[in-house]
Amino acid sequence: MEPLLNTKHGHNQIKICVSGAAETGHCGVDALEKAKELGREIARQGAVLVTGATNGFPMWAAIGVKEVGGISIGISPAASEKEHVQVYKLPLDYMDLIMYTGFGYPGRDLLLTRCADAVICGCGRIGTIHEFTIAFEDNKPIGIFEGPWEMGDQLKEIIDKGHRPNTKIIIGNNPKKIVEDLIALVKKDKIAEYKV
């Protein structure tokens with residue numbers, strides 16, 4: 001069923017979630033550029049970015065996507081644009097579409113990771129760990145994007161102490177390679193899914 005791998009129509013494009021911290025004080029001096037380059041790579045390779053419609057690392061990835069003309073979708077914890085801006089204090093910038101869930105952060109995290117074909121975890125905090133564990137349980141391809149932050153080591157420790165092997169995890173600090181490898185895993189999964 002080759003049409004499922006075709007990117008001619010938007011609904012067939014691979015969707016990659018970038019998970020990361022809204023508050024980025026712990027991310028390191030070049031985290032902004034690393035996140036933007038990750039976003040640019042997602043767009044260059046024909047995928048759509050999906051984020052939690054938040055500030056910080058995910059928004060920086062969205063800036064990178066938009067710099068090269070890509071598509072950026074936000075999944076908000078809020079029930080409306082007004083709540084998104086006034087209550088959650090979240091941005092509207094750099095997103096082509098925002099979907100308002102009304103489910104708060106925990107419910108949003110579930111929808112965010114489920115609607116994506118793969119998840120990349122960058123500099124993050126507890127929300128990133130939550131999104132990682134949901135993606136892990138859902139057997140999604142996951143990228144652990146390493147940088148001058150602790151999250152990569154923390155996620156590797158969770159994997160090591162979780163006592164459950166996972167062959168769909170890509171670890172690295174090269175945005176181009178991590179996106180390429182994840183897209184290859186997604187395509188392999190889609191082919192296997194439709195051969196059944």
# chains A, B, ... in the order shown; residues from 1 in each chain; ligands from 1
call {"tool": "residues_around", "arguments": {"residues": "Ala22 in chain A", "least_positions_apart": "3", "cutoff": "12 Å", "atoms": "only C-alpha atoms", "output": "PyMOL selection string"}}
result
chain A and resi 18-19+25-27+32+51-61+88-91+122-128
call {"tool": "closest_atom_pairs", "arguments": {"of": "range 85-158 of chain A", "to": "range 165-171 of chain A", "cutoff": "8 Å", "atoms": "only C-alpha atoms", "output": "tab-separated table"}}
result
residue	atom	partner	partner_atom	distance
A:Asn139	CA	A:Lys168	CA	7.5
A:Lys140	CA	A:Lys168	CA	7.0
A:Pro141	CA	A:Lys168	CA	4.7
A:Ile142	CA	A:Ile169	CA	4.8
A:Gly143	CA	A:Ile170	CA	4.7
A:Ile144	CA	A:Ile171	CA	4.7
A:Phe145	CA	A:Ile171	CA	6.2
A:Glu146	CA	A:Ile171	CA	7.2
call {"tool": "select_by_dssp", "arguments": {"residues": "chain A", "states": "alpha helix (DSSP H)", "output": "PyMOL selection string"}}
result
chain A and resi 31-44+56-67+81-86+104-115+126-137+151-162+175-195
call {"tool": "residues_around", "arguments": {"residues": "Gly64 in chain A", "least_positions_apart": "2", "cutoff": "9 Å", "atoms": "only C-alpha atoms", "output": "list in words"}}
result
Glu33, Ala35, Lys36, Glu37, Leu38, Gly39, Arg40, Glu41, Ile42, Ala43, Met59, Trp60, Ala61, Ala62, Lys66, Glu67, Val68, Gly69 and Gly70 of chain A
call {"tool": "write_last_selection", "arguments": {"atoms": "C-alpha atoms", "output": "compact mmCIF listing (two decimals), in the first residue's frame"}}
result
# COMPACT_ATOMS: atom_id res chain seq x y z
CA GLU A 33 20.01 27.01 18.09
CA ALA A 35 16.14 23.23 18.91
CA LYS A 36 15.76 25.47 15.84
CA GLU A 37 18.03 23.20 13.80
CA LEU A 38 15.98 20.19 14.91
CA GLY A 39 12.85 21.97 13.67
CA ARG A 40 14.49 22.92 10.39
CA GLU A 41 15.49 19.27 9.84
CA ILE A 42 11.96 18.02 10.51
CA ALA A 43 10.65 20.38 7.83
CA MET A 59 8.53 26.73 20.38
CA TRP A 60 12.17 27.04 19.33
CA ALA A 61 11.73 23.92 17.20
CA ALA A 62 8.60 25.54 15.71
CA LYS A 66 8.76 28.05 10.01
CA GLU A 67 12.18 29.42 8.96
CA VAL A 68 12.27 26.82 6.17
CA GLY A 69 8.56 26.90 5.31
CA GLY A 70 7.43 23.80 7.19
call {"tool": "atom_distance", "arguments": {"atom1": "CA of Leu97 in chain A", "atom2": "CA of Asn174 in chain A"}}
result
27.7 Å
call {"tool": "decode", "arguments": {"residues": "range 31-130 of chain A", "atoms": "C-alpha atoms", "output": "PDB file, in the first residue's frame"}}
result
ATOM      1  CA  ALA A  31      19.875  25.057  23.267  1.00  0.00           C
ATOM      2  CA  LEU A  32      17.963  27.646  21.227  1.00  0.00           C
ATOM      3  CA  GLU A  33      20.012  27.007  18.087  1.00  0.00           C
ATOM      4  CA  LYS A  34      19.950  23.226  18.600  1.00  0.00           C
ATOM      5  CA  ALA A  35      16.141  23.234  18.908  1.00  0.00           C
ATOM      6  CA  LYS A  36      15.755  25.473  15.844  1.00  0.00           C
ATOM      7  CA  GLU A  37      18.028  23.204  13.799  1.00  0.00           C
ATOM      8  CA  LEU A  38      15.982  20.193  14.914  1.00  0.00           C
ATOM      9  CA  GLY A  39      12.852  21.971  13.673  1.00  0.00           C
ATOM     10  CA  ARG A  40      14.486  22.918  10.385  1.00  0.00           C
ATOM     11  CA  GLU A  41      15.492  19.273   9.838  1.00  0.00           C
ATOM     12  CA  ILE A  42      11.965  18.024  10.510  1.00  0.00           C
ATOM     13  CA  ALA A  43      10.648  20.381   7.830  1.00  0.00           C
ATOM     14  CA  ARG A  44      13.495  19.734   5.371  1.00  0.00           C
ATOM     15  CA  GLN A  45      12.787  16.007   5.539  1.00  0.00           C
ATOM     16  CA  GLY A  46       9.105  16.526   4.731  1.00  0.00           C
ATOM     17  CA  ALA A  47       7.615  15.891   8.158  1.00  0.00           C
ATOM     18  CA  VAL A  48       5.154  18.006  10.147  1.00  0.00           C
ATOM     19  CA  LEU A  49       6.084  19.290  13.598  1.00  0.00           C
ATOM     20  CA  VAL A  50       3.676  18.683  16.469  1.00  0.00           C
ATOM     21  CA  THR A  51       4.262  20.353  19.847  1.00  0.00           C
ATOM     22  CA  GLY A  52       2.387  21.018  23.053  1.00  0.00           C
ATOM     23  CA  ALA A  53       1.709  24.583  21.830  1.00  0.00           C
ATOM     24  CA  THR A  54       4.035  25.895  24.497  1.00  0.00           C
ATOM     25  CA  ASN A  55       7.047  28.146  25.021  1.00  0.00           C
ATOM     26  CA  GLY A  56      10.692  27.174  25.277  1.00  0.00           C
ATOM     27  CA  PHE A  57      12.260  24.196  23.521  1.00  0.00           C
ATOM     28  CA  PRO A  58       9.133  23.156  21.544  1.00  0.00           C
ATOM     29  CA  MET A  59       8.526  26.733  20.382  1.00  0.00           C
ATOM     30  CA  TRP A  60      12.166  27.045  19.332  1.00  0.00           C
ATOM     31  CA  ALA A  61      11.728  23.922  17.199  1.00  0.00           C
ATOM     32  CA  ALA A  62       8.598  25.538  15.708  1.00  0.00           C
ATOM     33  CA  ILE A  63      10.610  28.666  14.865  1.00  0.00           C
ATOM     34  CA  GLY A  64      13.075  26.458  12.978  1.00  0.00           C
ATOM     35  CA  VAL A  65      10.253  24.734  11.103  1.00  0.00           C
ATOM     36  CA  LYS A  66       8.758  28.048  10.012  1.00  0.00           C
ATOM     37  CA  GLU A  67      12.178  29.416   8.964  1.00  0.00           C
ATOM     38  CA  VAL A  68      12.274  26.821   6.172  1.00  0.00           C
ATOM     39  CA  GLY A  69       8.562  26.902   5.309  1.00  0.00           C
ATOM     40  CA  GLY A  70       7.432  23.800   7.189  1.00  0.00           C
ATOM     41  CA  ILE A  71       4.176  23.027   8.988  1.00  0.00           C
ATOM     42  CA  SER A  72       3.768  23.372  12.758  1.00  0.00           C
ATOM     43  CA  ILE A  73       0.789  22.079  14.763  1.00  0.00           C
ATOM     44  CA  GLY A  74       0.198  22.789  18.453  1.00  0.00           C
ATOM     45  CA  ILE A  75      -1.858  20.649  20.827  1.00  0.00           C
ATOM     46  CA  SER A  76      -2.937  22.901  23.694  1.00  0.00           C
ATOM     47  CA  PRO A  77      -3.936  21.937  27.238  1.00  0.00           C
ATOM     48  CA  ALA A  78      -6.533  24.738  27.095  1.00  0.00           C
ATOM     49  CA  ALA A  79     -10.155  24.492  25.966  1.00  0.00           C
ATOM     50  CA  SER A  80     -10.058  27.707  23.921  1.00  0.00           C
ATOM     51  CA  GLU A  81      -7.734  30.313  22.487  1.00  0.00           C
ATOM     52  CA  LYS A  82      -8.690  32.683  25.285  1.00  0.00           C
ATOM     53  CA  GLU A  83      -7.815  30.117  27.962  1.00  0.00           C
ATOM     54  CA  HIS A  84      -4.633  29.185  26.069  1.00  0.00           C
ATOM     55  CA  VAL A  85      -3.401  32.793  26.194  1.00  0.00           C
ATOM     56  CA  GLN A  86      -4.919  34.153  29.425  1.00  0.00           C
ATOM     57  CA  VAL A  87      -4.882  31.171  31.792  1.00  0.00           C
ATOM     58  CA  TYR A  88      -2.036  29.006  30.524  1.00  0.00           C
ATOM     59  CA  LYS A  89       0.006  31.997  29.232  1.00  0.00           C
ATOM     60  CA  LEU A  90       0.936  30.071  26.078  1.00  0.00           C
ATOM     61  CA  PRO A  91       1.907  31.526  22.680  1.00  0.00           C
ATOM     62  CA  LEU A  92       0.035  31.574  19.396  1.00  0.00           C
ATOM     63  CA  ASP A  93       3.147  32.249  17.312  1.00  0.00           C
ATOM     64  CA  TYR A  94       4.887  29.829  14.932  1.00  0.00           C
ATOM     65  CA  MET A  95       1.959  27.418  14.696  1.00  0.00           C
ATOM     66  CA  ASP A  96      -0.188  26.885  11.612  1.00  0.00           C
ATOM     67  CA  LEU A  97      -2.900  25.210  13.641  1.00  0.00           C
ATOM     68  CA  ILE A  98      -3.624  24.903  17.352  1.00  0.00           C
ATOM     69  CA  MET A  99      -5.992  22.238  18.619  1.00  0.00           C
ATOM     70  CA  TYR A 100      -7.583  23.067  21.968  1.00  0.00           C
ATOM     71  CA  THR A 101      -8.087  19.934  24.062  1.00  0.00           C
ATOM     72  CA  GLY A 102      -9.397  21.286  27.356  1.00  0.00           C
ATOM     73  CA  PHE A 103      -7.654  18.354  29.067  1.00  0.00           C
ATOM     74  CA  GLY A 104      -4.933  20.188  30.997  1.00  0.00           C
ATOM     75  CA  TYR A 105      -1.312  19.161  30.715  1.00  0.00           C
ATOM     76  CA  PRO A 106      -1.665  15.422  31.500  1.00  0.00           C
ATOM     77  CA  GLY A 107      -4.490  14.881  28.984  1.00  0.00           C
ATOM     78  CA  ARG A 108      -2.790  17.078  26.422  1.00  0.00           C
ATOM     79  CA  ASP A 109       0.385  14.986  26.733  1.00  0.00           C
ATOM     80  CA  LEU A 110      -1.532  11.822  25.863  1.00  0.00           C
ATOM     81  CA  LEU A 111      -3.170  13.365  22.791  1.00  0.00           C
ATOM     82  CA  LEU A 112       0.094  15.036  21.740  1.00  0.00           C
ATOM     83  CA  THR A 113       2.092  11.817  21.666  1.00  0.00           C
ATOM     84  CA  ARG A 114      -0.743   9.689  20.262  1.00  0.00           C
ATOM     85  CA  CYS A 115      -1.325  11.974  17.276  1.00  0.00           C
ATOM     86  CA  ALA A 116       2.376  11.910  16.358  1.00  0.00           C
ATOM     87  CA  ASP A 117       4.141   9.135  14.450  1.00  0.00           C
ATOM     88  CA  ALA A 118       7.339   9.653  16.450  1.00  0.00           C
ATOM     89  CA  VAL A 119       8.480  11.693  19.460  1.00  0.00           C
ATOM     90  CA  ILE A 120      11.779  13.519  19.958  1.00  0.00           C
ATOM     91  CA  CYS A 121      12.685  14.489  23.522  1.00  0.00           C
ATOM     92  CA  GLY A 122      15.026  17.463  23.865  1.00  0.00           C
ATOM     93  CA  CYS A 123      15.873  19.556  26.895  1.00  0.00           C
ATOM     94  CA  GLY A 124      13.013  18.934  29.268  1.00  0.00           C
ATOM     95  CA  ARG A 125      11.594  18.496  32.717  1.00  0.00           C
ATOM     96  CA  ILE A 126       8.882  16.274  34.220  1.00  0.00           C
ATOM     97  CA  GLY A 127       6.434  16.896  31.340  1.00  0.00           C
ATOM     98  CA  THR A 128       9.014  15.605  28.866  1.00  0.00           C
ATOM     99  CA  ILE A 129       9.487  12.481  30.985  1.00  0.00           C
ATOM    100  CA  HIS A 130       5.691  12.032  30.967  1.00  0.00           C
TER     101      HIS A 130
END
